[in-house]
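Listing of model.txt, compact mmCIF, C-alpha atoms
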# COMPACT_ATOMS: atom_id res chain seq x y z
CA MET P 8 10.82 -42.03 62.11
CA PRO P 9 7.35 -42.93 63.43
CA GLU P 10 4.93 -40.17 64.26
CA PRO P 11 4.51 -39.60 68.02
CA HIS P 12 1.16 -40.57 69.45
CA PRO P 13 -1.00 -37.48 69.97
CA THR P 14 -1.87 -36.63 73.56
CA PRO P 15 -5.56 -37.37 74.17
CA ALA P 16 -7.58 -34.21 74.50
CA SER P 17 -8.91 -33.50 77.98
CA PRO P 18 -12.70 -33.71 78.17
CA THR P 19 -14.82 -30.62 78.35
CA PHE P 20 -18.13 -30.20 80.13
CA PRO P 21 -20.20 -27.46 78.45
CA ARG P 22 -23.54 -28.74 79.75
CA VAL P 23 -23.84 -30.58 83.06
CA LEU P 24 -26.85 -32.05 84.86
CA LEU P 25 -27.09 -31.80 88.65
CA ALA P 26 -29.95 -33.97 89.89
CA GLY P 27 -31.08 -32.89 93.35
CA GLY P 28 -31.15 -29.52 95.07
CA GLY P 29 -30.20 -30.48 98.62
CA ALA P 30 -27.28 -29.35 100.77
CA ILE P 31 -24.71 -31.74 99.31
CA ALA P 32 -25.67 -30.68 95.77
CA LEU P 33 -25.37 -26.95 96.48
CA GLU P 34 -22.45 -26.91 98.91
CA ALA P 35 -20.23 -29.67 97.52
CA HIS P 36 -21.03 -30.32 93.85
CA LEU P 37 -22.29 -27.06 92.35
CA PRO P 38 -19.12 -25.02 93.06
CA GLN P 39 -17.01 -27.71 91.39
CA LEU P 40 -19.25 -28.05 88.35
CA ARG P 41 -18.86 -24.35 87.56
CA GLY P 42 -15.09 -24.84 87.39
CA LEU P 43 -15.05 -27.86 85.06
CA PRO P 44 -13.22 -27.30 81.75
CA GLY P 45 -15.48 -25.62 79.23
CA ASN P 46 -18.54 -25.46 81.45
CA ARG P 47 -21.16 -22.98 80.29
CA CYS P 48 -24.33 -24.31 81.90
CA VAL P 49 -25.43 -26.34 84.93
CA VAL P 50 -28.98 -27.73 84.70
CA LEU P 51 -30.21 -28.30 88.25
CA TYR P 52 -33.21 -30.61 88.31
CA GLU P 53 -35.16 -30.48 91.58
CA LEU P 54 -38.68 -31.89 91.97
CA SER P 55 -39.75 -29.71 94.90
CA ALA P 56 -41.27 -26.40 93.77
CA ALA P 57 -40.52 -24.82 97.15
CA ARG P 58 -36.91 -25.92 96.98
CA ARG P 59 -36.59 -24.63 93.40
CA ALA P 60 -37.91 -21.24 94.51
CA ALA P 61 -35.37 -21.07 97.35
CA ILE P 62 -32.52 -22.00 94.99
CA ARG P 63 -33.68 -19.50 92.37
CA LYS P 64 -33.70 -16.75 95.01
CA ARG P 65 -30.23 -17.70 96.26
CA TYR P 66 -28.73 -17.82 92.74
CA ARG P 67 -30.89 -15.16 91.08
CA ASP P 68 -27.85 -13.49 89.45
CA ASP P 69 -26.40 -16.72 88.07
CA VAL P 70 -27.33 -16.79 84.39
CA ALA P 71 -25.44 -20.08 83.84
CA LEU P 72 -27.71 -22.03 86.22
CA GLU P 73 -30.92 -23.45 84.80
CA LEU P 74 -33.77 -24.59 87.05
CA PRO P 75 -36.32 -26.31 84.80
CA GLU P 76 -39.73 -27.21 86.18
CA LYS P 77 -40.08 -30.17 83.81
CA LEU P 78 -37.73 -33.03 83.07
CA PRO P 79 -34.81 -31.54 81.10
CA GLU P 80 -33.60 -33.01 77.84
CA GLY P 81 -30.02 -34.07 77.06
CA PRO P 82 -27.43 -34.42 75.87
CA PHE P 83 -25.27 -33.73 78.92
CA ASP P 84 -21.52 -34.04 79.29
CA LEU P 85 -21.80 -35.14 82.91
CA ALA P 86 -24.64 -36.14 85.23
CA VAL P 87 -24.25 -35.72 89.00
CA LEU P 88 -26.75 -37.73 91.04
CA ALA P 89 -27.10 -35.98 94.40
CA THR P 90 -30.51 -37.41 95.22
CA PRO P 91 -31.47 -40.07 97.78
CA PRO P 92 -29.89 -43.48 97.01
CA SER P 93 -33.36 -44.91 96.37
CA CYS P 94 -33.45 -42.76 93.20
CA HIS P 95 -29.99 -43.53 91.81
CA LEU P 96 -30.81 -46.59 89.71
CA GLN P 97 -33.87 -45.05 88.06
CA GLU P 98 -31.88 -41.88 87.31
CA VAL P 99 -29.06 -43.88 85.74
CA LEU P 100 -31.63 -45.57 83.51
CA ARG P 101 -33.17 -42.19 82.67
CA TRP P 102 -29.99 -40.27 81.84
CA ARG P 103 -27.60 -42.91 80.48
CA PRO P 104 -28.78 -42.59 76.83
CA SER P 105 -27.89 -38.89 76.82
CA CYS P 106 -24.81 -38.81 79.06
CA PRO P 107 -21.35 -40.51 79.00
CA ARG P 108 -20.16 -39.66 82.54
CA PHE P 109 -21.76 -40.01 85.97
CA VAL P 110 -20.88 -38.89 89.48
CA ILE P 111 -23.01 -40.71 92.07
CA GLU P 112 -23.31 -39.48 95.63
CA ARG P 113 -22.55 -42.07 98.29
CA PRO P 114 -23.93 -44.53 99.11
CA MET P 115 -24.25 -45.44 95.45
CA ALA P 116 -27.38 -47.51 96.08
CA ARG P 117 -29.54 -48.97 98.83
CA THR P 118 -28.54 -52.57 98.14
CA LEU P 119 -25.86 -54.61 96.43
CA GLU P 120 -28.41 -55.70 93.83
CA GLU P 121 -29.17 -52.07 92.90
CA ALA P 122 -25.44 -51.25 92.82
CA ARG P 123 -24.75 -54.11 90.41
CA ALA P 124 -27.56 -52.90 88.16
CA ILE P 125 -26.08 -49.39 88.16
CA VAL P 126 -22.62 -50.67 87.18
CA SER P 127 -24.12 -52.90 84.48
CA ASN P 128 -26.11 -50.06 82.95
CA LEU P 129 -23.11 -47.74 83.03
CA GLU P 130 -20.83 -50.13 81.18
CA GLY P 131 -18.79 -48.05 78.76
CA ALA P 132 -19.47 -44.83 80.69
CA LEU P 133 -17.35 -43.14 83.32
CA MET P 134 -18.76 -43.75 86.81
CA ALA P 135 -17.31 -42.18 89.95
CA VAL P 136 -18.86 -42.57 93.41
CA HIS P 137 -18.35 -39.39 95.42
CA MET P 138 -15.97 -40.34 98.25
CA PRO P 139 -13.60 -37.38 98.61
CA ARG P 140 -11.69 -38.79 101.57
CA ALA P 141 -9.99 -41.10 99.07
CA GLU P 142 -8.06 -38.04 97.86
CA LEU P 143 -6.03 -37.85 101.09
CA ALA P 144 -2.50 -39.28 100.90
CA ALA P 145 -2.25 -40.55 104.48
CA PHE P 146 -3.53 -44.05 103.68
CA ASP P 147 -0.93 -44.30 100.91
CA VAL P 148 1.71 -43.86 103.61
CA LEU P 149 0.00 -46.44 105.83
CA LYS P 150 -0.18 -48.90 102.96
CA ASP P 151 3.54 -48.46 102.34
CA LEU P 152 4.28 -49.12 106.03
CA TYR P 153 2.07 -52.21 105.91
CA ASP P 154 3.43 -53.63 102.65
CA ARG P 155 7.09 -53.05 103.49
CA GLY P 156 6.86 -54.20 107.12
CA ARG P 157 9.26 -51.44 108.22
CA TYR P 158 7.87 -51.56 111.77
CA GLY P 159 6.99 -55.22 111.86
CA THR P 160 3.67 -56.89 111.18
CA LEU P 161 0.41 -55.01 111.52
CA GLN P 162 -1.36 -56.25 114.67
CA SER P 163 -4.68 -54.39 114.60
CA VAL P 164 -6.61 -51.40 113.25
CA GLN P 165 -9.09 -49.27 115.20
CA ILE P 166 -11.15 -46.53 113.56
CA HIS P 167 -13.37 -44.06 115.43
CA ASP P 168 -15.48 -41.91 113.11
CA GLY P 169 -18.33 -39.76 114.31
CA ARG P 170 -19.73 -36.42 115.30
CA VAL P 171 -23.14 -34.99 116.00
CA PHE P 172 -24.82 -34.63 112.62
CA ASP P 173 -24.81 -30.94 111.62
CA TRP P 174 -25.07 -31.00 107.82
CA PRO P 175 -27.82 -28.58 106.64
CA SER P 176 -29.85 -31.39 105.11
CA VAL P 177 -33.37 -30.77 103.82
CA SER P 178 -34.23 -34.48 103.67
CA PRO P 179 -34.21 -37.40 106.12
CA ALA P 180 -32.86 -39.63 103.34
CA LEU P 181 -29.44 -40.16 104.89
CA PHE P 182 -30.91 -41.96 107.88
CA SER P 183 -33.94 -43.58 106.27
CA LYS P 184 -33.69 -47.30 105.54
CA GLU P 185 -36.27 -46.95 102.78
CA MET P 186 -34.36 -44.12 101.08
CA SER P 187 -30.70 -44.98 101.74
CA GLY P 188 -30.71 -48.60 102.88
CA GLY P 189 -29.67 -47.84 106.44
CA GLY P 190 -28.32 -45.07 108.64
CA VAL P 191 -24.89 -44.18 109.99
CA MET P 192 -23.25 -47.21 108.41
CA MET P 193 -24.47 -46.21 104.94
CA ASP P 194 -23.35 -42.62 105.63
CA LEU P 195 -19.84 -43.10 107.04
CA GLY P 196 -19.26 -46.72 106.09
CA PRO P 197 -18.46 -46.16 102.38
CA HIS P 198 -15.65 -43.70 103.21
CA ILE P 199 -14.06 -46.06 105.74
CA LEU P 200 -14.46 -49.28 103.78
CA GLU P 201 -13.04 -47.72 100.62
CA ARG P 202 -9.90 -46.69 102.52
CA LEU P 203 -9.55 -50.14 104.11
CA LEU P 204 -9.86 -51.74 100.67
CA HIS P 205 -7.01 -49.49 99.57
CA LEU P 206 -4.89 -50.98 102.36
CA PHE P 207 -5.90 -54.65 102.35
CA THR P 208 -6.21 -57.14 99.50
CA THR P 209 -9.19 -58.83 101.17
CA LEU P 210 -11.65 -57.63 103.80
CA LYS P 211 -14.20 -59.82 105.58
CA VAL P 212 -17.09 -58.85 107.86
CA GLU P 213 -17.05 -60.80 111.13
CA GLN P 214 -19.60 -58.95 113.27
CA CYS P 215 -21.86 -55.92 113.01
CA LEU P 216 -23.73 -54.18 115.83
CA VAL P 217 -26.19 -51.36 115.14
CA ASP P 218 -28.79 -49.40 117.06
CA GLY P 219 -31.97 -48.16 115.45
CA ASP P 220 -34.01 -51.32 115.87
CA ARG P 221 -37.81 -51.15 116.03
CA GLY P 222 -37.96 -48.33 113.50
CA ALA P 223 -35.66 -45.88 115.28
CA VAL P 224 -32.87 -43.97 113.50
CA GLU P 225 -29.65 -45.94 113.10
CA ALA P 226 -27.14 -43.48 114.59
CA ASN P 227 -24.44 -45.78 116.00
CA ALA P 228 -22.71 -48.88 114.66
CA VAL P 229 -19.70 -51.06 115.43
CA LEU P 230 -18.18 -53.14 112.66
CA HIS P 231 -15.64 -55.91 113.21
CA LEU P 232 -13.72 -57.01 110.13
CA ARG P 233 -10.60 -59.00 109.26
CA GLY P 234 -8.07 -57.69 106.78
CA ASP P 235 -6.07 -60.07 104.61
CA GLY P 236 -7.38 -63.00 106.63
CA ARG P 237 -5.52 -62.21 109.86
CA ILE P 238 -5.65 -58.56 110.97
CA PRO P 239 -8.54 -57.54 113.26
CA VAL P 240 -10.19 -54.25 112.32
CA THR P 241 -12.71 -52.47 114.56
CA VAL P 242 -14.74 -49.54 113.23
CA GLU P 243 -16.92 -47.38 115.48
CA MET P 244 -19.33 -44.94 113.79
CA SER P 245 -21.72 -42.40 115.26
CA ARG P 246 -23.95 -39.54 114.15
CA ASN P 247 -25.17 -38.48 117.60
CA ARG P 248 -21.91 -38.26 119.53
CA HIS P 249 -18.40 -36.97 118.93
CA LEU P 250 -15.75 -39.63 118.40
CA SER P 251 -12.05 -38.95 117.93
CA GLY P 252 -12.10 -39.06 114.11
CA THR P 253 -8.90 -41.10 114.04
CA ALA P 254 -7.52 -44.38 112.75
CA VAL P 255 -4.97 -46.21 114.91
CA PHE P 256 -2.69 -48.80 113.30
CA THR P 257 -0.75 -50.91 115.78
CA PHE P 258 2.38 -52.49 114.34
CA ALA P 259 4.72 -54.83 116.19
CA GLU P 260 7.27 -52.04 116.63
CA ALA P 261 5.27 -48.81 116.34
CA GLU P 262 1.84 -47.18 116.51
CA ALA P 263 0.59 -45.00 113.67
CA ARG P 264 -2.26 -42.51 114.11
CA VAL P 265 -4.00 -40.51 111.44
CA GLY P 266 -6.95 -38.14 111.52
CA LEU P 267 -9.61 -39.26 109.06
CA MET P 268 -9.60 -35.80 107.44
CA ALA P 269 -5.87 -35.24 107.96
CA PRO P 270 -2.98 -35.54 105.50
CA THR P 271 -0.31 -36.67 107.94
CA VAL P 272 0.55 -39.86 109.82
CA HIS P 273 1.92 -39.58 113.36
CA LEU P 274 4.22 -42.54 113.96
CA VAL P 275 5.42 -43.48 117.46
CA PRO P 276 8.05 -46.25 117.39
CA ARG P 277 8.55 -48.50 120.41
CA GLN P 278 12.03 -47.05 120.59
CA GLY P 279 13.12 -43.61 119.47
CA PRO P 280 11.33 -40.30 118.86
CA GLY P 281 8.01 -39.86 117.13
CA ILE P 282 7.88 -39.13 113.42
CA VAL P 283 5.42 -37.13 111.28
CA LEU P 284 5.02 -38.62 107.82
CA CYS P 285 3.50 -37.10 104.68
CA PRO P 286 3.62 -33.39 105.67
CA ASP P 287 2.58 -32.33 102.17
CA GLU P 288 -0.45 -30.17 102.94
CA ASP P 289 -0.83 -26.54 103.93
CA THR P 290 -3.65 -27.26 106.36
CA ASP P 291 -4.51 -30.05 108.76
CA PRO P 292 -7.28 -31.14 108.56
CA VAL P 293 -7.71 -30.64 104.82
CA PRO P 294 -10.84 -28.60 104.00
CA PHE P 295 -13.70 -30.69 102.63
CA ARG P 296 -14.05 -28.45 99.57
CA THR P 297 -10.37 -29.05 98.72
CA LEU P 298 -10.96 -32.81 98.73
CA VAL P 299 -14.05 -32.43 96.53
CA ALA P 300 -12.02 -30.37 94.05
CA ARG P 301 -9.39 -33.12 93.91
CA PHE P 302 -12.09 -35.72 93.42
CA TYR P 303 -13.46 -33.90 90.37
CA GLN P 304 -10.01 -33.38 88.87
CA ARG P 305 -8.78 -36.93 89.36
CA ARG P 306 -11.93 -39.02 89.01
CA VAL P 307 -13.92 -36.97 86.48
CA VAL P 308 -11.54 -34.84 84.40
CA GLU P 309 -8.69 -37.38 84.42
CA GLY P 310 -11.08 -40.35 84.47
CA ARG P 311 -9.39 -42.30 87.28
CA SER P 312 -12.38 -44.06 88.78
CA ARG P 313 -12.89 -47.64 90.03
CA SER P 314 -16.29 -49.28 89.79
CA ASP P 315 -14.88 -52.57 91.13
CA ARG P 316 -14.00 -50.99 94.47
CA ALA P 317 -17.37 -49.22 94.64
CA LEU P 318 -19.09 -52.60 94.22
CA GLU P 319 -16.89 -54.22 96.86
CA VAL P 320 -17.83 -51.46 99.32
CA MET P 321 -21.50 -52.22 98.67
CA ARG P 322 -20.88 -55.96 99.07
CA LEU P 323 -19.33 -55.38 102.50
CA LEU P 324 -22.20 -53.13 103.58
CA ASP P 325 -24.69 -55.71 102.35
CA GLU P 326 -22.92 -58.43 104.35
CA ALA P 327 -22.73 -56.22 107.45
CA TYR P 328 -26.48 -55.62 107.46
CA ARG P 329 -27.13 -59.31 106.80
CA VAL P 330 -25.34 -60.34 110.02
CA ALA P 331 -26.21 -57.23 112.07
CA ARG P 332 -27.36 -57.56 115.69
CA PRO P 333 -28.66 -54.89 118.08
CA LEU P 334 -26.05 -52.70 119.72
CA GLN P 335 -26.60 -52.70 123.45
CA GLY P 336 -24.84 -50.65 126.09
CA GLY P 337 -23.02 -48.31 123.71
CA PHE P 338 -19.40 -48.58 122.54
For this file, write the structure as structure tokens.
Amino acid sequence: MPEPHPTPASPTFPRVLLAGGGAIALEAHLPQLRGLPGNRCVVLYELSAARRAAIRKRYRDDVALELPEKLPEGPFDLAVLATPPSCHLQEVLRWRPSCPRFVIERPMARTLEEARAIVSNLEGALMAVHMPRAELAAFDVLKDLYDRGRYGTLQSVQIHDGRVFDWPSVSPALFSKEMSGGGVMMDLGPHILERLLHLFTTLKVEQCLVDGDRGAVEANAVLHLRGDGRIPVTVEMSRNRHLSGTAVFTFAEAEARVGLMAPTVHLVPRQGPGIVLCPDEDTDPVPFRTLVARFYQRRVVEGRSRSDRALEVMRLLDEAYRVARPLQGGF
């Protein structure tokens, strides 16, 4: 009788590098890194002396957190790049020889060219772009409705994503074209496009309207796409006004609505009572930290990451900016 194949051992992460000491690094990544299997040390590399001092004061009792003043030496079991996108490629080149796994904060790069270089240099390594909304199950339900045609053909998709920016950021990188490649579209766009790519086989940019011309901050954008060659998709994004935070899928025989941070789909057929699908969560919306924890478990510990989809997201963003025109008169 043949010997059974041994179960591959789960990876462990004794020594982890966290590059960047901003809000996303401390509030989203650091709590998850402490809980990785076998973790004994997180090396937080931050260039700013003032920022290092503030972090050291905040975590003065944490003996497992290192805050080196000089460039730390590997090896590392995981590198998390939570720095401005303009730094991501150079950090991949710096840390790849001493690290087999990378988590890259979104957007993964400023341009498609930089993103391709990152993927090329990480060949053979695990690479996961941090997009925790992908851990929600609602779009799995929508994809099933779309693929099966239970309520007829999908007629259109409308997505409204935005709120006044309130993240405790210490850097203007998120809205600096030089540092991130754009503004609101590089901030919210990766989340939305990744979910649309989960739904559709193909996605094409037809029109893009953005504010922020003449050097101003890009805080609003409207993106018109076509899914699978026939389905119109409209995406509205804002970082200086509150939008509904919903996606509306209009089928021939029903309308499906889902909150972009929600686990459930609210389905209203043309005939009959409304239905709530996918009620598999304790809270609605799902807390951001819960989604980040799922991301680390699935994409890092279990290794289920997709560099091809990350590149396609960057290709769509690149195309959107290439055809972009000024947004006039609001949404």
Find the residue from P:Asp69, P:Glu121, P:Glu76, P:Asp84 that sits nearest to Arg322 of chain P; use only C-alpha atoms when measuring.
P:Glu121
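Residue nearest Val126 of chain P, chosen from P:Arg22, P:Arg233, P:Lys150, P:His95 and counting all atoms listed in the file: P:His95.
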Selected residue of minimal separation from His167 of chain P among P:Glu243, P:Asp154, P:Glu185, P:Asp315, counting all atoms listed in the file:
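The closest residue to His167 of chain P is P:Glu243.
Counting all atoms listed in the file and comparing P:Arg117, P:Arg332, P:Arg140, P:Arg103, the residue that lies closest to Gly266 of chain P is P:Arg140.
Note that atom CA of Leu78 of chain P and atom CA of Val99 of chain P are 14.1 Å apart.
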Mind giving me the straight-line distance from atom CA of Asp173 of chain P to atom CA of Met134 of chain P in Å, one decimal?
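Atom CA of Met134 of chain P lies 28.6 Å from atom CA of Asp173 of chain P.
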Counting all atoms listed in the file, the option among P:Gly336, P:Gly45, P:Pro91, P:Pro18 closest to Ala32 of chain P
P:Pro91
Distance atom CA of Ala317 of chain P-atom CA of Leu216 of chain P, one decimal place?
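Between atom CA of Ala317 of chain P and atom CA of Leu216 of chain P the gap works out to 22.7 Å.
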For Pro75 of chain P, which residue out of P:Gly310, P:Pro294, P:Pro197, P:Gly28 is the nearest one, using only C-alpha atoms?
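Result for the nearest residue to Pro75 of chain P: P:Gly28.
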Counting all atoms listed in the file, what is within 8 Å of Leu274 of chain P, bar same-chain residues fewer than 4 positions away, as number ranges by chain?
P: 261-264, 281-284
Kindly save the residues from that selection, with C-alpha atoms included, as a compact mmCIF listing (two decimals), in the frame of the given file.
# COMPACT_ATOMS: atom_id res chain seq x y z
CA ALA P 261 5.27 -48.81 116.34
CA GLU P 262 1.84 -47.18 116.51
CA ALA P 263 0.59 -45.00 113.67
CA ARG P 264 -2.26 -42.51 114.11
CA GLY P 281 8.01 -39.86 117.13
CA ILE P 282 7.88 -39.13 113.42
CA VAL P 283 5.42 -37.13 111.28
CA LEU P 284 5.02 -38.62 107.82
Report as lines of an AutoDock Vina configuration file the centre and the edge lengths, in Å to one decimal, of the axis-aligned box holding every listed atom of segment 244-255 of chain P, padded by 3 Å on each side.
center_x = -15.1
center_y = -41.6
center_z = 116.1
size_x = 26.2
size_y = 15.2
size_z = 12.8
Test item: residues at most 9 Å from segment 236-241 of chain P, all atoms listed in the file, excluding those fewer than 2 positions along its chain, as a ChimeraX atom specification:
/P:161-167,209-211,229-234,243
Can you spit out the residues from that selection as a PDB file, in the coordinates of the input, using C-alpha atoms?
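Final output, selection_17.pdb:
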ATOM      1  CA  LEU P 161       0.410 -55.010 111.520  1.00  0.00           C
ATOM      2  CA  GLN P 162      -1.360 -56.250 114.670  1.00  0.00           C
ATOM      3  CA  SER P 163      -4.680 -54.390 114.600  1.00  0.00           C
ATOM      4  CA  VAL P 164      -6.610 -51.400 113.250  1.00  0.00           C
ATOM      5  CA  GLN P 165      -9.090 -49.270 115.200  1.00  0.00           C
ATOM      6  CA  ILE P 166     -11.150 -46.530 113.560  1.00  0.00           C
ATOM      7  CA  HIS P 167     -13.370 -44.060 115.430  1.00  0.00           C
ATOM      8  CA  THR P 209      -9.190 -58.830 101.170  1.00  0.00           C
ATOM      9  CA  LEU P 210     -11.650 -57.630 103.800  1.00  0.00           C
ATOM     10  CA  LYS P 211     -14.200 -59.820 105.580  1.00  0.00           C
ATOM     11  CA  VAL P 229     -19.700 -51.060 115.430  1.00  0.00           C
ATOM     12  CA  LEU P 230     -18.180 -53.140 112.660  1.00  0.00           C
ATOM     13  CA  HIS P 231     -15.640 -55.910 113.210  1.00  0.00           C
ATOM     14  CA  LEU P 232     -13.720 -57.010 110.130  1.00  0.00           C
ATOM     15  CA  ARG P 233     -10.600 -59.000 109.260  1.00  0.00           C
ATOM     16  CA  GLY P 234      -8.070 -57.690 106.780  1.00  0.00           C
ATOM     17  CA  GLU P 243     -16.920 -47.380 115.480  1.00  0.00           C
TER      18      GLU P 243
END
Report as an mmCIF file with C-alpha atoms, in the coordinates of the input all protein, DNA and RNA residues lying within 6 Å of Met186 of chain P, evaluated on all atoms listed in the file, omitting residues in the same chain fewer than 2 positions from it.
data_model
loop_
_atom_site.group_PDB
_atom_site.id
_atom_site.type_symbol
_atom_site.label_atom_id
_atom_site.label_comp_id
_atom_site.auth_asym_id
_atom_site.auth_seq_id
_atom_site.Cartn_x
_atom_site.Cartn_y
_atom_site.Cartn_z
ATOM 1 C CA PRO P 91 -31.470 -40.070 97.780
ATOM 2 C CA SER P 93 -33.360 -44.910 96.370
ATOM 3 C CA ALA P 180 -32.860 -39.630 103.340
ATOM 4 C CA SER P 183 -33.940 -43.580 106.270
ATOM 5 C CA LYS P 184 -33.690 -47.300 105.540
#
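All residues of protein, DNA or RNA that reach within 7 Å of segment 35-40 of chain P, judged by all atoms listed in the file and not counting those fewer than 4 positions away in the chain, are P:Ile31, P:Arg296, P:Val299, P:Ala300.
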